[in-house]
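J.: Sharing a structure, written as structure tokens. Questions coming.
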Amino acid sequence: MWEYTDKVREHFINPKNVGEIPDASCVGEVGSLACGDALKLYLKVDEQDRIVDAKFQTFGCASAIASSSALTEMIKGKTVDEALDVSNQDIAEFLGGLPKEKMHCSVMGKEALEAAVANLRGQAVAPHQEGEVVCECFGVTDETIKRAIAENKLNTVEEITDYTKAGGGCGKCLDKLADILAEMKGQKLKPLEPVAQRPAGLTNLQRMKLISKIIDEEISPSLQKDGGNIELVDVDGKKVLVQLRGACSSCKSSQLTLKQFVEKRLRDAVEPDLTVEEVR
Ligand code: FES
């Protein structure tokens with residue numbers, strides 16, 4: 001059972017601005033009944049580009065109805081550009097917060113607004129429709145996922161599902177979501193120089209020295225730029241044992257950093273069958 005704030009309950013039980021605007025200036029539609037949530041947003045915009053009326057029709061849960069109601073209240077009286085500055089986080093905050101599993105309802109509100117504005121401005125494609133569909137179950141594109149990660153500072157695949165619904169169906173797209181997340185998080189790390197040539201036939205001592213050198217000279221400085229660090233604890237055959245320090249030790253995406261950055265780099269630079277494990 002979700003914990004809802006009083007404000008969510010209020011906007012769910014007595015939603016504001018329900019219905020349609022027959023002579024609307026534009027309409028934005030997102031989601032689908034097949035996906036469980038759908039929202040149609042109608043805007044009436046005056047000659048000064050000000051939203052003088054906003055109404056919605058939605059099919060969805062309490063959070064979807066409350067988010068839609070909140071959105072219409074928030075954007076009425078704003079210019080179209082001012083309304084576009086309303087983020088999904090703003091919608092959630094207006095409601096005093098949403099359960100994290102329901103944050104996708106606030107994202108749906110933001111996307112409906114953008115779809116309506118795209119309709120108003122004669123644009124064929126709304127921002128959330130740009131890019132390639134990654135999650136076929138919910139029709140979520142890579143651009144939507146990247147934006148959700150960046151704007152909401154998401155750190156796990158589970159959070160991507162909470163905010164976009166991607167991955168919440170058959171699960172076939174989960175690997176792709178992890179790749180996008182790794183790519184996004186990897187951008188924060190300093191790109192490393194390509195390895196000229198991987199040495200062959202290393203002795204234990206040579207392997208240990210080379211791993212230590214790569215960690216000290218490349219991996220550690222990159223992590224330090226984000227307030228983290230790494231320390232080599234031991235090398236047991238092909239198993240590299242490390243400790244994450246600073247921001248890395250408490251970071252939700254530490255396992256991603258370990259596998260997609262540290263392990264990948266050591267495999268490229270030292271031996272392709274190395275594994276990296278964290279010791280605490
Ligand atoms: S393709 Fe993403 S959950 Fe099915």
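In the structure tokens, the first chain shown is A, the next is B, and so on; residue numbers restart at 1 for each chain, and ligands run from 1 in the order shown.
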Could you build a table of the residues in chain A lying no more than 7 Å from ligand 1, giving for each the nearest pair of atoms and their separation in Å rounded to one decimal place, using only C-alpha atoms and all ligand atoms, ordered by chain and ascending residue number, as a tab-separated table?

T.:
residue	atom	partner	partner_atom_place_in_ligand_line	distance
A:Val134	CA	ligand 1	1 (S)	6.9
A:Cys135	CA	ligand 1	2 (Fe)	3.6
A:Glu136	CA	ligand 1	1 (S)	4.2
A:Cys137	CA	ligand 1	4 (Fe)	4.2
A:Phe138	CA	ligand 1	2 (Fe)	6.6
A:Ala166	CA	ligand 1	2 (Fe)	5.1
A:Gly167	CA	ligand 1	3 (S)	3.6
A:Gly168	CA	ligand 1	3 (S)	4.7
A:Gly169	CA	ligand 1	3 (S)	3.5
A:Cys170	CA	ligand 1	4 (Fe)	3.8
A:Gly171	CA	ligand 1	3 (S)	4.1
A:Lys172	CA	ligand 1	1 (S)	4.8
A:Cys173	CA	ligand 1	2 (Fe)	4.3
A:Leu174	CA	ligand 1	2 (Fe)	6.6

J.: So, with only C-alpha atoms as the atoms that count, which of A:Ala70, A:Ala118, A:Leu84, A:Met184 lies closest to A:Glu143?

T.: A:Met184

J.: For atom CA of A:Ser220 and atom CA of A:Asp236, quote the distance in Å rounded to one decimal.

T.: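 Computed distance, atom CA of A:Ser220 to atom CA of A:Asp236, equals 20.3 Å.
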
J.: Which residues are near A:Ser25? Cut-off 6 Å, only C-alpha atoms, ignore same chain within fewer than 4 positions. Put them as a PyMOL selection string.

T.: chain A and resi 43-45

J.: If we count only C-alpha atoms and set the cut-off at 12 Å, which residues sit around A:Glu277, ignoring sequence neighbours fewer than 6 positions away in its own chain? Please answer as a compact mmCIF listing (two decimals) with all heavy atoms, in the first residue's frame.

T.:
# COMPACT_ATOMS: atom_id res chain seq x y z
N ILE A 230 39.43 4.88 -4.67
CA ILE A 230 39.49 3.41 -4.66
C ILE A 230 40.86 3.00 -4.15
O ILE A 230 41.85 3.71 -4.38
CB ILE A 230 39.23 2.87 -6.08
CG1 ILE A 230 39.08 1.36 -6.07
CG2 ILE A 230 40.33 3.29 -7.04
CD1 ILE A 230 38.56 0.81 -7.40
N GLU A 231 40.90 1.88 -3.44
CA GLU A 231 42.18 1.38 -2.93
C GLU A 231 42.30 -0.10 -3.27
O GLU A 231 41.34 -0.86 -3.08
CB GLU A 231 42.24 1.59 -1.43
CG GLU A 231 43.64 1.43 -0.88
CD GLU A 231 43.68 1.84 0.58
OE1 GLU A 231 43.38 3.01 0.88
OE2 GLU A 231 43.98 0.97 1.40
N LEU A 232 43.45 -0.48 -3.79
CA LEU A 232 43.69 -1.89 -4.08
C LEU A 232 43.99 -2.61 -2.76
O LEU A 232 44.88 -2.22 -2.01
CB LEU A 232 44.88 -2.02 -5.04
CG LEU A 232 45.29 -3.44 -5.40
CD1 LEU A 232 44.17 -4.16 -6.14
CD2 LEU A 232 46.56 -3.42 -6.25
N VAL A 233 43.22 -3.68 -2.50
CA VAL A 233 43.41 -4.43 -1.25
C VAL A 233 44.28 -5.66 -1.49
O VAL A 233 45.23 -5.94 -0.78
CB VAL A 233 42.05 -4.86 -0.66
CG1 VAL A 233 42.23 -5.74 0.57
CG2 VAL A 233 41.22 -3.62 -0.31
N ASP A 234 43.99 -6.40 -2.56
CA ASP A 234 44.75 -7.63 -2.83
C ASP A 234 44.47 -8.08 -4.26
O ASP A 234 43.46 -7.68 -4.86
CB ASP A 234 44.30 -8.72 -1.84
CG ASP A 234 45.33 -9.85 -1.75
OD1 ASP A 234 46.38 -9.76 -2.42
OD2 ASP A 234 45.06 -10.81 -1.02
N VAL A 235 45.32 -8.90 -4.77
CA VAL A 235 45.07 -9.56 -6.05
C VAL A 235 45.23 -11.06 -5.81
O VAL A 235 46.31 -11.52 -5.45
CB VAL A 235 46.04 -9.08 -7.15
CG1 VAL A 235 45.77 -9.83 -8.45
CG2 VAL A 235 45.92 -7.59 -7.37
N ASP A 236 44.13 -11.78 -5.95
CA ASP A 236 44.12 -13.21 -5.68
C ASP A 236 43.89 -13.92 -7.01
O ASP A 236 42.77 -14.09 -7.45
CB ASP A 236 42.99 -13.51 -4.67
CG ASP A 236 42.90 -14.98 -4.34
OD1 ASP A 236 43.81 -15.74 -4.75
OD2 ASP A 236 41.92 -15.38 -3.69
N LYS A 238 43.13 -14.13 -10.55
CA LYS A 238 42.52 -13.15 -11.47
C LYS A 238 41.47 -12.29 -10.77
O LYS A 238 40.74 -11.56 -11.41
CB LYS A 238 41.87 -13.89 -12.65
CG LYS A 238 42.83 -14.72 -13.48
CD LYS A 238 43.83 -13.82 -14.20
CE LYS A 238 44.84 -14.61 -15.00
NZ LYS A 238 44.40 -14.94 -16.33
N LYS A 239 41.39 -12.44 -9.45
CA LYS A 239 40.40 -11.67 -8.69
C LYS A 239 41.07 -10.45 -8.05
O LYS A 239 42.05 -10.59 -7.30
CB LYS A 239 39.78 -12.56 -7.60
CG LYS A 239 38.46 -12.03 -7.10
CD LYS A 239 37.98 -12.73 -5.87
CE LYS A 239 37.75 -14.23 -6.04
NZ LYS A 239 37.38 -14.87 -4.77
N VAL A 240 40.54 -9.27 -8.38
CA VAL A 240 41.10 -8.02 -7.84
C VAL A 240 40.17 -7.53 -6.72
O VAL A 240 38.98 -7.28 -6.96
CB VAL A 240 41.19 -6.94 -8.95
CG1 VAL A 240 41.82 -5.66 -8.40
CG2 VAL A 240 41.97 -7.46 -10.14
N LEU A 241 40.70 -7.41 -5.53
CA LEU A 241 39.89 -6.97 -4.40
C LEU A 241 40.19 -5.51 -4.10
O LEU A 241 41.36 -5.12 -3.94
CB LEU A 241 40.18 -7.83 -3.17
CG LEU A 241 39.95 -9.33 -3.39
CD1 LEU A 241 40.49 -10.16 -2.23
CD2 LEU A 241 38.47 -9.62 -3.59
N VAL A 242 39.15 -4.71 -4.05
CA VAL A 242 39.34 -3.26 -3.84
C VAL A 242 38.40 -2.75 -2.76
O VAL A 242 37.40 -3.40 -2.43
CB VAL A 242 39.08 -2.46 -5.15
CG1 VAL A 242 40.03 -2.85 -6.25
CG2 VAL A 242 37.63 -2.63 -5.60
N GLN A 243 38.71 -1.60 -2.26
CA GLN A 243 37.79 -0.89 -1.35
C GLN A 243 37.46 0.45 -1.97
O GLN A 243 38.36 1.16 -2.43
CB GLN A 243 38.45 -0.68 0.01
CG GLN A 243 38.00 -1.70 1.01
CD GLN A 243 38.51 -1.44 2.41
OE1 GLN A 243 39.34 -0.56 2.62
NE2 GLN A 243 38.02 -2.21 3.34
N LEU A 244 36.16 0.79 -1.98
CA LEU A 244 35.76 2.10 -2.47
C LEU A 244 35.77 3.07 -1.29
O LEU A 244 35.39 2.71 -0.18
CB LEU A 244 34.36 2.03 -3.09
CG LEU A 244 34.29 1.21 -4.39
CD1 LEU A 244 32.85 1.07 -4.86
CD2 LEU A 244 35.13 1.85 -5.49
N SER A 254 27.62 2.40 -6.99
CA SER A 254 29.01 1.95 -6.81
C SER A 254 29.28 0.64 -7.55
O SER A 254 30.35 0.45 -8.10
CB SER A 254 29.34 1.81 -5.33
OG SER A 254 28.49 0.85 -4.74
N GLN A 255 28.28 -0.26 -7.58
CA GLN A 255 28.50 -1.53 -8.27
C GLN A 255 28.65 -1.31 -9.77
O GLN A 255 29.41 -2.01 -10.45
CB GLN A 255 27.34 -2.51 -8.00
CG GLN A 255 27.34 -3.08 -6.59
CD GLN A 255 28.69 -3.68 -6.21
OE1 GLN A 255 29.22 -4.53 -6.92
NE2 GLN A 255 29.25 -3.23 -5.10
N LEU A 256 27.93 -0.32 -10.24
CA LEU A 256 28.04 0.04 -11.66
C LEU A 256 29.43 0.58 -11.95
O LEU A 256 30.07 0.24 -12.94
CB LEU A 256 26.98 1.10 -11.95
CG LEU A 256 26.31 1.11 -13.30
CD1 LEU A 256 25.64 -0.21 -13.57
CD2 LEU A 256 25.29 2.24 -13.33
N THR A 257 29.91 1.45 -11.08
CA THR A 257 31.26 2.01 -11.23
C THR A 257 32.29 0.89 -11.22
O THR A 257 33.21 0.86 -12.03
CB THR A 257 31.55 2.99 -10.07
OG1 THR A 257 30.54 3.98 -10.05
CG2 THR A 257 32.91 3.64 -10.21
N LEU A 258 32.09 -0.04 -10.29
CA LEU A 258 33.04 -1.14 -10.13
C LEU A 258 33.12 -2.00 -11.39
O LEU A 258 34.20 -2.34 -11.86
CB LEU A 258 32.56 -2.00 -8.95
CG LEU A 258 33.62 -2.56 -8.03
CD1 LEU A 258 34.51 -1.48 -7.48
CD2 LEU A 258 32.94 -3.30 -6.88
N LYS A 259 31.95 -2.35 -11.93
CA LYS A 259 31.92 -3.26 -13.08
C LYS A 259 32.16 -2.54 -14.40
O LYS A 259 32.96 -2.99 -15.22
CB LYS A 259 30.57 -3.99 -13.13
CG LYS A 259 30.37 -4.98 -11.99
CD LYS A 259 31.36 -6.13 -12.11
CE LYS A 259 31.43 -6.96 -10.84
NZ LYS A 259 32.51 -7.96 -10.84
N VAL A 262 35.78 0.31 -13.43
CA VAL A 262 37.03 -0.24 -12.88
C VAL A 262 37.37 -1.58 -13.55
O VAL A 262 38.47 -1.76 -14.11
CB VAL A 262 36.92 -0.42 -11.34
CG1 VAL A 262 38.22 -0.97 -10.80
CG2 VAL A 262 36.57 0.90 -10.68
N GLU A 263 36.42 -2.51 -13.52
CA GLU A 263 36.70 -3.83 -14.09
C GLU A 263 36.97 -3.75 -15.59
O GLU A 263 37.89 -4.38 -16.11
CB GLU A 263 35.53 -4.77 -13.80
CG GLU A 263 35.80 -6.21 -14.22
CD GLU A 263 34.66 -7.13 -13.80
OE1 GLU A 263 34.71 -7.64 -12.67
OE2 GLU A 263 33.74 -7.33 -14.60

J.: To test your reading of the structure, identify every residue in stretch 44-249 of chain A that backbone DSSP assigns to helix (DSSP H, G or I), and report it as an MDAnalysis selection string.

T.: chainID A and resid 62:75 80:84 88:94 100:120 127:129 142:152 157:164 174:186 204:224 247:249

J.: Give me, as a list in words, all polymer residues having an atom no more than 12 Å from A:Ile51, counting only C-alpha atoms and skipping those fewer than 5 positions away in the same chain.

T.: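 Near A:Ile51, the qualifying residues are Ala24, Ser25, Cys26, Tyr42, Leu43, Lys44, Val45, Asp46, Thr72, Glu73, Met74, Ile75, Lys76, Gly77, Lys78, Thr79, Val80, Asp81, Glu82, Ala83, Leu84, Leu113, Ala116, Val117 and Leu120 of chain A.
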
J.: Apply DSSP to the backbone of this structure and, from stretch 6-232 of chain A, keep only the residues in strand (DSSP E); write these as an MDAnalysis selection string.

T.: chainID A and resid 26:32 37:45 51:59 133:135 140:141 228:232

J.: Counting only C-alpha atoms, figure out which residue out of A:Asp216, A:Asp53, A:Glu3, A:Glu130 gets nearest to A:Lys100.

T.: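 Using only C-alpha atoms, A:Lys100 sits closest to A:Glu3.
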
J.: Let me make sure I understand: among A:Ile180, A:Ala247, A:Ile91, A:Thr156, which one has the smallest atom-to-atom distance to A:Gly227 if we use only C-alpha atoms?

T.: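 Going through A:Ile180, A:Ala247, A:Ile91, A:Thr156 one by one, the smallest distance to A:Gly227 is for A:Ala247.
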
J.: So the first atom is atom CA of A:Val270 and the second is atom CA of A:Lys176; what is the distance between them in Å, to one decimal place?

T.: 26.7 Å

J.: Using only C-alpha atoms, can you tell me which of A:Gly201, A:Gly246, A:Cys105, A:Ala269 comes closest to A:Gly228?

T.: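 For A:Gly228, the nearest of the candidates is A:Gly246.
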
J.: Would you pick out the contacts of A:Lys146 at 10 Å or less, using only C-alpha atoms, so that residues sharing its chain but fewer than 2 positions from it are not included, and give the list as a VMD selection string?

T.: chain A and resid 141 to 144 148 to 152 154 160 177 180 to 181 183 to 184

J.: Hey, can you check how far atom CA of A:Pro22 sits from atom CA of A:Ser69?

T.: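 Going from atom CA of A:Pro22 over to atom CA of A:Ser69 covers 18.4 Å.
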
J.: Nearest to A:Lys16 among A:Ile65, A:Ile214, A:Val157, A:Val52, with distances taken over only C-alpha atoms: which residue is it?

T.: A:Ile65
